[in-house]
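Structure file structure-v7.csv (CSV, C-alpha atoms) is printed below.
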```csv
chain,number,residue,atom,x,y,z
A,90,MET,CA,-12.1,-32.7,-26.2
A,91,ALA,CA,-13.6,-33.5,-29.6
A,92,VAL,CA,-16.9,-35.4,-30.1
A,93,THR,CA,-17.9,-37.2,-33.3
A,94,ILE,CA,-21.3,-38.7,-34.0
A,95,SER,CA,-21.5,-41.4,-36.7
A,96,ARG,CA,-24.5,-42.4,-38.8
A,97,ASP,CA,-25.5,-45.2,-36.4
A,98,LEU,CA,-25.7,-42.5,-33.6
A,99,THR,CA,-22.6,-43.8,-31.8
A,100,VAL,CA,-20.7,-41.1,-30.0
A,101,GLN,CA,-16.9,-41.1,-30.0
A,102,VAL,CA,-14.9,-38.8,-27.7
A,103,LEU,CA,-11.5,-37.9,-29.2
A,104,GLU,CA,-8.6,-36.5,-27.3
A,105,ASP,CA,-8.0,-32.8,-27.7
A,106,VAL,CA,-4.9,-31.9,-29.7
A,107,ASN,CA,-3.8,-29.2,-27.2
A,108,THR,CA,-4.2,-31.5,-24.3
A,109,VAL,CA,-2.0,-34.2,-26.0
A,110,LYS,CA,0.6,-31.6,-26.8
A,111,LEU,CA,0.5,-30.3,-23.2
A,112,ASN,CA,1.0,-33.8,-21.8
A,113,ASP,CA,3.9,-34.4,-24.2
A,114,ARG,CA,5.5,-31.1,-23.1
A,115,GLN,CA,5.2,-32.1,-19.5
A,116,GLN,CA,6.9,-35.4,-20.0
A,117,ALA,CA,9.6,-33.9,-22.2
A,118,LEU,CA,10.2,-31.1,-19.6
A,119,ARG,CA,10.5,-33.7,-16.8
A,120,ALA,CA,12.9,-35.8,-18.8
A,121,ALA,CA,15.0,-32.8,-19.8
A,122,ILE,CA,15.2,-31.5,-16.2
A,123,GLN,CA,16.1,-34.9,-14.8
A,124,ARG,CA,18.9,-35.2,-17.3
A,125,GLY,CA,20.4,-32.2,-15.6
A,126,GLU,CA,20.2,-34.1,-12.3
A,127,PRO,CA,18.9,-31.3,-10.1
A,128,LYS,CA,18.6,-33.6,-7.2
A,129,CYS,CA,22.4,-34.2,-7.1
A,130,LEU,CA,23.1,-30.5,-7.5
A,131,GLY,CA,20.5,-29.8,-4.8
A,132,VAL,CA,22.1,-32.2,-2.3
A,133,SER,CA,25.5,-30.6,-3.0
A,134,GLN,CA,24.1,-27.2,-2.2
A,135,VAL,CA,22.5,-28.5,1.0
A,136,MET,CA,25.8,-30.0,2.1
A,137,LEU,CA,27.7,-26.9,1.3
A,138,GLY,CA,25.2,-24.8,3.2
A,139,VAL,CA,25.6,-27.0,6.3
A,140,MET,CA,29.4,-27.0,6.0
A,141,VAL,CA,29.6,-23.2,5.7
A,142,MET,CA,27.5,-22.7,8.8
A,143,SER,CA,29.2,-25.3,10.9
A,144,TYR,CA,32.7,-24.3,9.8
A,145,SER,CA,32.0,-20.7,10.8
A,146,ILE,CA,31.4,-21.5,14.4
A,147,PRO,CA,35.1,-21.2,15.4
A,148,LEU,CA,35.1,-17.7,14.1
A,149,HIS,CA,32.9,-16.6,17.0
A,150,PHE,CA,35.7,-17.7,19.5
A,151,THR,CA,38.5,-15.8,17.7
A,152,GLU,CA,39.0,-12.2,16.7
A,153,VAL,CA,35.6,-10.7,15.6
A,154,THR,CA,35.9,-9.2,12.1
A,155,GLU,CA,33.5,-8.1,9.5
A,156,VAL,CA,32.7,-11.6,8.4
A,157,VAL,CA,31.3,-12.4,11.9
A,158,ARG,CA,29.7,-9.0,12.4
A,159,LEU,CA,27.8,-9.2,9.1
A,160,GLY,CA,26.9,-12.9,9.6
A,161,VAL,CA,28.1,-13.8,6.1
A,162,ALA,CA,28.4,-17.5,6.8
A,163,TRP,CA,24.9,-17.7,8.2
A,164,TRP,CA,22.9,-15.9,5.5
A,165,SER,CA,25.0,-17.4,2.7
A,166,GLY,CA,24.6,-20.9,4.2
A,167,LEU,CA,20.9,-20.5,4.6
A,168,THR,CA,20.6,-19.3,1.0
A,169,PHE,CA,22.6,-22.4,-0.1
A,170,LEU,CA,20.2,-24.7,1.9
A,171,THR,CA,17.1,-23.0,0.4
A,172,ALA,CA,18.5,-23.4,-3.2
A,173,GLY,CA,19.3,-27.0,-2.6
A,174,VAL,CA,15.9,-27.9,-1.1
A,175,VAL,CA,14.1,-26.2,-4.0
A,176,ALA,CA,16.2,-28.1,-6.5
A,177,ILE,CA,15.4,-31.4,-4.8
A,178,ILE,CA,11.7,-30.5,-4.9
A,179,LEU,CA,12.0,-29.7,-8.6
A,180,ASP,CA,13.3,-33.2,-9.2
A,181,LYS,CA,10.3,-34.7,-7.5
A,182,HIS,CA,7.6,-32.3,-8.6
A,183,CYS,CA,8.5,-31.1,-12.0
A,184,SER,CA,6.5,-28.1,-13.3
A,185,MET,CA,7.1,-24.7,-14.9
A,186,LYS,CA,6.2,-23.0,-11.6
A,187,THR,CA,8.7,-25.0,-9.6
A,188,LEU,CA,11.3,-24.5,-12.4
A,189,HIS,CA,10.8,-20.7,-12.2
A,190,ALA,CA,11.0,-20.8,-8.4
A,191,CYS,CA,14.2,-22.9,-8.6
A,192,LEU,CA,15.7,-20.5,-11.2
A,193,MET,CA,15.0,-17.4,-9.1
A,194,VAL,CA,16.4,-19.0,-5.9
A,195,SER,CA,19.5,-20.2,-7.7
A,196,MET,CA,20.1,-16.8,-9.2
A,197,VAL,CA,19.9,-15.2,-5.7
A,198,SER,CA,22.2,-17.9,-4.4
A,199,ALA,CA,24.7,-17.2,-7.2
A,200,VAL,CA,24.7,-13.4,-6.6
A,201,LEU,CA,25.0,-13.8,-2.8
A,202,SER,CA,27.8,-16.2,-3.3
A,203,VAL,CA,29.8,-13.6,-5.2
A,204,VAL,CA,29.0,-11.0,-2.6
A,205,ALA,CA,30.2,-13.4,0.2
A,206,VAL,CA,33.4,-14.2,-1.8
A,207,ILE,CA,34.2,-10.5,-2.0
A,208,ILE,CA,33.6,-10.0,1.7
A,209,TYR,CA,35.9,-12.9,2.6
A,210,ILE,CA,38.7,-11.6,0.4
A,211,LEU,CA,38.5,-8.1,1.7
A,212,ASP,CA,38.3,-9.3,5.3
A,213,MET,CA,41.4,-11.5,5.0
A,214,GLU,CA,43.3,-8.6,3.4
A,215,LYS,CA,42.2,-6.2,6.1
A,216,ASN,CA,43.0,-8.7,8.9
A,217,PRO,CA,46.2,-10.6,7.9
A,218,GLU,CA,47.8,-13.2,10.1
A,219,ALA,CA,49.7,-11.6,13.0
A,220,PRO,CA,53.4,-12.2,13.1
A,221,CYS,CA,54.8,-14.7,15.6
A,222,VAL,CA,56.1,-13.1,18.7
A,223,LYS,CA,58.0,-15.5,20.9
A,224,THR,CA,56.9,-15.8,24.5
A,225,GLN,CA,58.9,-17.0,27.5
A,226,TYR,CA,57.8,-20.5,26.7
A,227,ASP,CA,59.4,-20.4,23.3
A,228,SER,CA,56.1,-20.4,21.5
A,229,CYS,CA,54.2,-17.8,19.5
A,230,ASN,CA,51.8,-15.4,21.2
A,231,ASP,CA,48.0,-16.0,21.3
A,232,GLN,CA,47.3,-13.3,18.7
A,233,HIS,CA,49.3,-15.1,16.1
A,234,TYR,CA,47.4,-18.4,16.6
A,235,ALA,CA,44.0,-16.6,16.8
A,236,THR,CA,44.5,-14.8,13.5
A,237,LYS,CA,46.0,-17.9,11.9
A,238,LEU,CA,43.0,-20.0,12.9
A,239,SER,CA,40.6,-17.2,11.7
A,240,ASN,CA,42.2,-16.9,8.3
A,241,GLY,CA,42.4,-20.6,7.9
A,242,VAL,CA,38.6,-21.0,8.5
A,243,LYS,CA,37.9,-18.0,6.2
A,244,SER,CA,40.0,-19.7,3.5
A,245,SER,CA,37.9,-22.8,3.8
A,246,LEU,CA,34.7,-20.8,3.8
A,247,LEU,CA,35.9,-19.0,0.7
A,248,LEU,CA,36.5,-22.2,-1.2
A,249,PHE,CA,33.1,-23.6,-0.2
A,250,THR,CA,31.4,-20.3,-1.3
A,251,VAL,CA,33.2,-20.4,-4.7
A,252,ALA,CA,32.1,-24.0,-5.2
A,253,GLN,CA,28.5,-22.9,-4.4
A,254,ALA,CA,28.7,-20.0,-6.8
A,255,VAL,CA,29.8,-22.4,-9.6
A,256,ILE,CA,27.0,-24.9,-8.7
A,257,SER,CA,24.4,-22.1,-8.6
A,258,ALA,CA,25.6,-20.8,-12.0
A,259,VAL,CA,25.4,-24.3,-13.5
A,260,VAL,CA,21.8,-24.7,-12.1
A,261,CYS,CA,20.8,-21.3,-13.5
A,262,PHE,CA,22.2,-22.2,-16.9
A,263,LEU,CA,20.5,-25.5,-17.1
A,264,LEU,CA,17.1,-24.2,-15.9
A,265,PHE,CA,17.3,-21.1,-18.2
A,266,LYS,CA,18.1,-23.4,-21.1
A,267,GLN,CA,15.1,-25.6,-20.3
A,268,ARG,CA,12.8,-22.6,-19.8
A,269,ARG,CA,13.7,-21.3,-23.3
A,270,SER,CA,13.2,-24.8,-24.8
A,271,PHE,CA,9.8,-25.1,-23.3
A,272,GLY,CA,8.6,-21.5,-23.7
A,273,GLN,CA,5.4,-22.6,-25.4
A,274,TYR,CA,4.4,-24.7,-22.4
A,275,THR,CA,2.3,-21.8,-20.9
A,276,SER,CA,0.6,-21.0,-24.2
A,277,LEU,CA,-0.3,-24.7,-24.6
A,278,ASN,CA,-1.8,-24.7,-21.1
A,279,GLN,CA,-3.9,-21.7,-21.9
A,280,ALA,CA,-5.0,-23.1,-25.2
A,281,ALA,CA,-6.1,-26.3,-23.6
A,282,SER,CA,-8.0,-24.5,-20.9
A,283,SER,CA,-9.8,-22.2,-23.3
A,284,THR,CA,-10.8,-25.2,-25.5
A,285,LEU,CA,-12.3,-26.9,-22.6
A,286,THR,CA,-14.1,-23.8,-21.5
A,287,GLU,CA,-15.6,-23.2,-25.0
A,288,THR,CA,-17.0,-26.8,-25.2
A,289,THR,CA,-20.4,-26.4,-23.7
A,290,PRO,CA,-23.5,-28.6,-23.9
A,291,ALA,CA,-25.0,-26.1,-26.4
A,292,ASP,CA,-22.1,-26.9,-28.8
A,293,LEU,CA,-22.8,-30.6,-28.6
A,294,ASN,CA,-26.5,-30.4,-29.5
```

If you convert what's in this file into C-alpha coordinates, what do you get?
Amino acid sequence: MAVTISRDLTVQVLEDVNTVKLNDRQQALRAAIQRGEPKCLGVSQVMLGVMVMSYSIPLHFTEVTEVVRLGVAWWSGLTFLTAGVVAIILDKHCSMKTLHACLMVSMVSAVLSVVAVIIYILDMEKNPEAPCVKTQYDSCNDQHYATKLSNGVKSSLLLFTVAQAVISAVVCFLLFKQRRSFGQYTSLNQAASSTLTETTPADLN
(Lines of atoms letter the chains of each structure in order from A and count residues from 1; the text may use other names and numbers.)
(Lines give C-alpha, C1' and ligand atoms only; values in the text may rest on other atoms or scores of the structure.)
Protein backbone atom coordinates (compact mmCIF):
# COMPACT_ATOMS: atom_id res chain seq x y z
CA MET A 1 0.00 0.00 0.00
CA ALA A 2 1.05 3.62 -0.48
CA VAL A 3 0.82 6.28 2.28
CA THR A 4 0.75 10.03 1.66
CA ILE A 5 0.91 12.76 4.30
CA SER A 6 -0.46 16.19 3.43
CA ARG A 7 0.60 19.53 4.93
CA ASP A 8 -2.20 19.47 7.49
CA LEU A 9 -0.78 16.09 8.70
CA THR A 10 -3.72 14.06 7.40
CA VAL A 11 -2.69 10.57 6.35
CA GLN A 12 -4.15 9.01 3.21
CA VAL A 13 -3.71 5.31 2.44
CA LEU A 14 -3.71 4.56 -1.26
CA GLU A 15 -4.24 1.17 -2.89
CA ASP A 16 -1.12 -0.56 -4.16
CA VAL A 17 -0.92 -0.72 -7.94
CA ASN A 18 0.20 -4.36 -7.94
CA THR A 19 -2.65 -5.36 -5.65
CA VAL A 20 -5.18 -3.66 -7.92
CA LYS A 21 -3.69 -5.41 -10.96
CA LEU A 22 -3.74 -8.72 -9.11
CA ASN A 23 -7.42 -8.36 -8.24
CA ASP A 24 -8.21 -7.37 -11.82
CA ARG A 25 -6.35 -10.43 -13.08
CA GLN A 26 -8.27 -12.68 -10.69
CA GLN A 27 -11.61 -11.33 -11.88
CA ALA A 28 -10.58 -11.56 -15.53
CA LEU A 29 -9.32 -15.11 -15.03
CA ARG A 30 -12.58 -16.18 -13.39
CA ALA A 31 -14.64 -14.60 -16.17
CA ALA A 32 -12.49 -16.18 -18.89
CA ILE A 33 -12.68 -19.65 -17.35
CA GLN A 34 -16.42 -19.45 -16.77
CA ARG A 35 -16.88 -18.52 -20.42
CA GLY A 36 -15.43 -21.95 -21.19
CA GLU A 37 -18.13 -23.48 -18.96
CA PRO A 38 -15.91 -25.96 -17.07
CA LYS A 39 -18.87 -26.99 -14.92
CA CYS A 40 -20.82 -28.30 -17.93
CA LEU A 41 -17.77 -30.12 -19.24
CA GLY A 42 -17.06 -31.48 -15.76
CA VAL A 43 -20.60 -32.82 -15.39
CA SER A 44 -20.27 -34.48 -18.80
CA GLN A 45 -17.04 -36.14 -17.71
CA VAL A 46 -18.61 -37.39 -14.48
CA MET A 47 -21.59 -38.82 -16.37
CA LEU A 48 -19.32 -40.54 -18.89
CA GLY A 49 -17.23 -42.02 -16.08
CA VAL A 50 -20.31 -43.45 -14.37
CA MET A 51 -21.67 -44.80 -17.67
CA VAL A 52 -18.38 -46.46 -18.58
CA MET A 53 -18.12 -48.25 -15.24
CA SER A 54 -21.79 -49.28 -15.17
CA TYR A 55 -21.86 -50.45 -18.80
CA SER A 56 -18.78 -52.61 -18.21
CA ILE A 57 -20.51 -54.78 -15.59
CA PRO A 58 -22.03 -57.23 -18.16
CA LEU A 59 -18.52 -57.95 -19.48
CA HIS A 60 -17.74 -59.80 -16.24
CA PHE A 61 -20.54 -62.30 -16.99
CA THR A 62 -19.45 -63.04 -20.56
CA GLU A 63 -16.17 -64.16 -22.06
CA VAL A 64 -13.24 -62.73 -20.10
CA THR A 65 -10.90 -60.86 -22.44
CA GLU A 66 -8.06 -58.36 -22.09
CA VAL A 67 -10.48 -55.49 -21.42
CA VAL A 68 -11.77 -57.27 -18.31
CA ARG A 69 -8.36 -58.55 -17.21
CA LEU A 70 -6.78 -55.11 -17.42
CA GLY A 71 -9.79 -53.40 -15.81
CA VAL A 72 -9.82 -50.80 -18.59
CA ALA A 73 -13.35 -49.60 -17.91
CA TRP A 74 -12.69 -49.12 -14.19
CA TRP A 75 -9.46 -47.11 -14.28
CA SER A 76 -10.61 -45.09 -17.27
CA GLY A 77 -13.99 -44.42 -15.63
CA LEU A 78 -12.37 -43.34 -12.36
CA THR A 79 -10.06 -41.02 -14.32
CA PHE A 80 -13.07 -39.45 -16.05
CA LEU A 81 -14.80 -38.98 -12.69
CA THR A 82 -11.72 -37.32 -11.19
CA ALA A 83 -11.29 -34.98 -14.15
CA GLY A 84 -14.95 -34.00 -14.00
CA VAL A 85 -14.89 -33.31 -10.25
CA VAL A 86 -11.78 -31.13 -10.58
CA ALA A 87 -13.40 -29.18 -13.44
CA ILE A 88 -16.49 -28.55 -11.28
CA ILE A 89 -14.26 -27.39 -8.41
CA LEU A 90 -12.47 -25.04 -10.83
CA ASP A 91 -15.79 -23.43 -11.69
CA LYS A 92 -16.53 -22.75 -8.00
CA HIS A 93 -13.01 -21.94 -6.74
CA CYS A 94 -11.18 -20.29 -9.61
CA SER A 95 -7.45 -19.85 -9.02
CA MET A 96 -4.22 -20.56 -10.87
CA LYS A 97 -3.47 -23.57 -8.62
CA THR A 98 -6.86 -25.11 -9.35
CA LEU A 99 -6.41 -24.32 -13.05
CA HIS A 100 -3.04 -26.11 -13.11
CA ALA A 101 -4.50 -29.10 -11.25
CA CYS A 102 -7.43 -29.31 -13.65
CA LEU A 103 -5.10 -29.00 -16.64
CA MET A 104 -2.88 -31.85 -15.41
CA VAL A 105 -5.82 -34.15 -14.62
CA SER A 106 -7.43 -33.41 -17.99
CA MET A 107 -4.18 -34.19 -19.79
CA VAL A 108 -3.92 -37.52 -17.95
CA SER A 109 -7.57 -38.23 -18.79
CA ALA A 110 -6.98 -37.50 -22.47
CA VAL A 111 -3.92 -39.76 -22.64
CA LEU A 112 -5.61 -42.63 -20.80
CA SER A 113 -8.66 -42.25 -23.04
CA VAL A 114 -6.50 -42.79 -26.11
CA VAL A 115 -4.85 -45.81 -24.47
CA ALA A 116 -8.28 -47.24 -23.59
CA VAL A 117 -9.53 -46.71 -27.15
CA ILE A 118 -6.55 -48.65 -28.52
CA ILE A 119 -7.14 -51.50 -26.07
CA TYR A 120 -10.84 -51.70 -27.00
CA ILE A 121 -10.06 -51.81 -30.73
CA LEU A 122 -7.35 -54.46 -30.35
CA ASP A 123 -9.55 -56.54 -28.06
CA MET A 124 -12.49 -56.53 -30.49
CA GLU A 125 -10.20 -57.46 -33.37
CA LYS A 126 -8.66 -60.28 -31.34
CA ASN A 127 -12.02 -61.58 -30.10
CA PRO A 128 -14.50 -61.24 -32.99
CA GLU A 129 -18.10 -62.30 -32.84
CA ALA A 130 -18.39 -66.10 -33.02
CA PRO A 131 -20.38 -67.49 -35.96
CA CYS A 132 -23.91 -68.68 -35.34
CA VAL A 133 -24.08 -72.45 -35.00
CA LYS A 134 -27.64 -73.75 -35.06
CA THR A 135 -28.68 -75.91 -32.16
CA GLN A 136 -31.47 -78.49 -32.00
CA TYR A 137 -33.84 -75.71 -30.93
CA ASP A 138 -33.14 -73.82 -34.18
CA SER A 139 -31.27 -71.03 -32.38
CA CYS A 140 -27.65 -69.97 -32.27
CA ASN A 141 -25.25 -71.41 -29.72
CA ASP A 142 -24.40 -69.65 -26.46
CA GLN A 143 -20.91 -68.72 -27.67
CA HIS A 144 -22.39 -66.61 -30.45
CA TYR A 145 -24.65 -64.65 -28.11
CA ALA A 146 -21.89 -64.20 -25.52
CA THR A 147 -19.40 -62.77 -28.01
CA LYS A 148 -22.14 -60.65 -29.63
CA LEU A 149 -23.05 -59.15 -26.25
CA SER A 150 -19.40 -58.64 -25.36
CA ASN A 151 -18.57 -56.83 -28.61
CA GLY A 152 -21.73 -54.72 -28.38
CA VAL A 153 -20.81 -53.55 -24.88
CA LYS A 154 -17.23 -52.87 -25.95
CA SER A 155 -18.48 -50.82 -28.90
CA SER A 156 -20.54 -48.67 -26.53
CA LEU A 157 -17.58 -48.26 -24.19
CA LEU A 158 -15.42 -47.33 -27.17
CA LEU A 159 -17.84 -44.55 -28.17
CA PHE A 160 -18.00 -43.23 -24.60
CA THR A 161 -14.22 -43.24 -24.34
CA VAL A 162 -13.81 -41.42 -27.66
CA ALA A 163 -16.27 -38.79 -26.41
CA GLN A 164 -14.27 -38.48 -23.21
CA ALA A 165 -11.04 -38.06 -25.15
CA VAL A 166 -12.61 -35.23 -27.15
CA ILE A 167 -13.97 -33.50 -24.02
CA SER A 168 -10.62 -33.84 -22.22
CA ALA A 169 -8.81 -32.42 -25.25
CA VAL A 170 -11.22 -29.45 -25.36
CA VAL A 171 -10.74 -28.80 -21.62
CA CYS A 172 -6.95 -28.98 -22.02
CA PHE A 173 -7.05 -26.53 -24.93
CA LEU A 174 -9.23 -24.03 -23.06
CA LEU A 175 -7.19 -24.21 -19.85
CA PHE A 176 -3.85 -24.02 -21.66
CA LYS A 177 -5.09 -20.97 -23.55
CA GLN A 178 -6.16 -19.28 -20.31
CA ARG A 179 -2.88 -20.16 -18.62
CA ARG A 180 -0.93 -18.50 -21.44
CA SER A 181 -3.21 -15.46 -21.37
CA PHE A 182 -2.72 -15.01 -17.63
CA GLY A 183 0.93 -16.01 -17.43
CA GLN A 184 1.78 -12.82 -15.54
CA TYR A 185 -0.60 -13.70 -12.71
CA THR A 186 2.15 -15.35 -10.63
CA SER A 187 4.58 -12.47 -11.14
CA LEU A 188 1.93 -9.98 -10.05
CA ASN A 189 1.24 -12.05 -6.96
CA GLN A 190 4.94 -12.12 -6.07
CA ALA A 191 5.29 -8.39 -6.73
CA ALA A 192 2.36 -7.59 -4.47
CA SER A 193 3.76 -9.81 -1.70
CA SER A 194 7.22 -8.27 -1.91
CA THR A 195 5.75 -4.75 -1.83
CA LEU A 196 3.81 -5.50 1.32
CA THR A 197 6.89 -7.06 2.91
CA GLU A 198 9.08 -4.08 2.16
CA THR A 199 6.56 -1.62 3.71
CA THR A 200 7.76 -1.55 7.32
CA PRO A 201 7.08 0.97 10.11
CA ALA A 202 10.61 2.33 9.62
CA ASP A 203 9.70 3.33 6.06
CA LEU A 204 6.66 5.24 7.26
CA ASN A 205 8.58 7.37 9.82

- Calculate how many Å separate atom CA of Ile177 of chain A from atom CA of Val132 of chain A, rounding to one decimal.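 It comes out at 7.2 Å.
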
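Distance check against Met196 of chain A using all atoms listed in the file: of A:Cys229, A:Cys129, A:Leu248, A:Ala258, the minimum falls on A:Ala258.
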
- Selection as a list in words: residues within 10 Å of (12.8, -33.0, -8.8), counting only C-alpha atoms: Arg119, Ile122, Gln123, Glu126, Pro127, Lys128, Cys129, Gly131, Val174, Val175, Ala176, Ile177, Ile178, Leu179, Asp180, Lys181, His182, Cys183, Ser184, Thr187 and Leu188 of chain A

- Task: Go through A:Thr236, A:Leu192, A:Ser143, A:Leu130 and flag the residue nearest Cys261 of chain A, using only C-alpha atoms for the distances.
- Result: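 Of the candidates, the smallest distance to Cys261 of chain A is held by A:Leu192.
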
- What gap, in Å, lies between atom CA of Ala254 of chain A and atom CA of Tyr144 of chain A? 17.6 Å
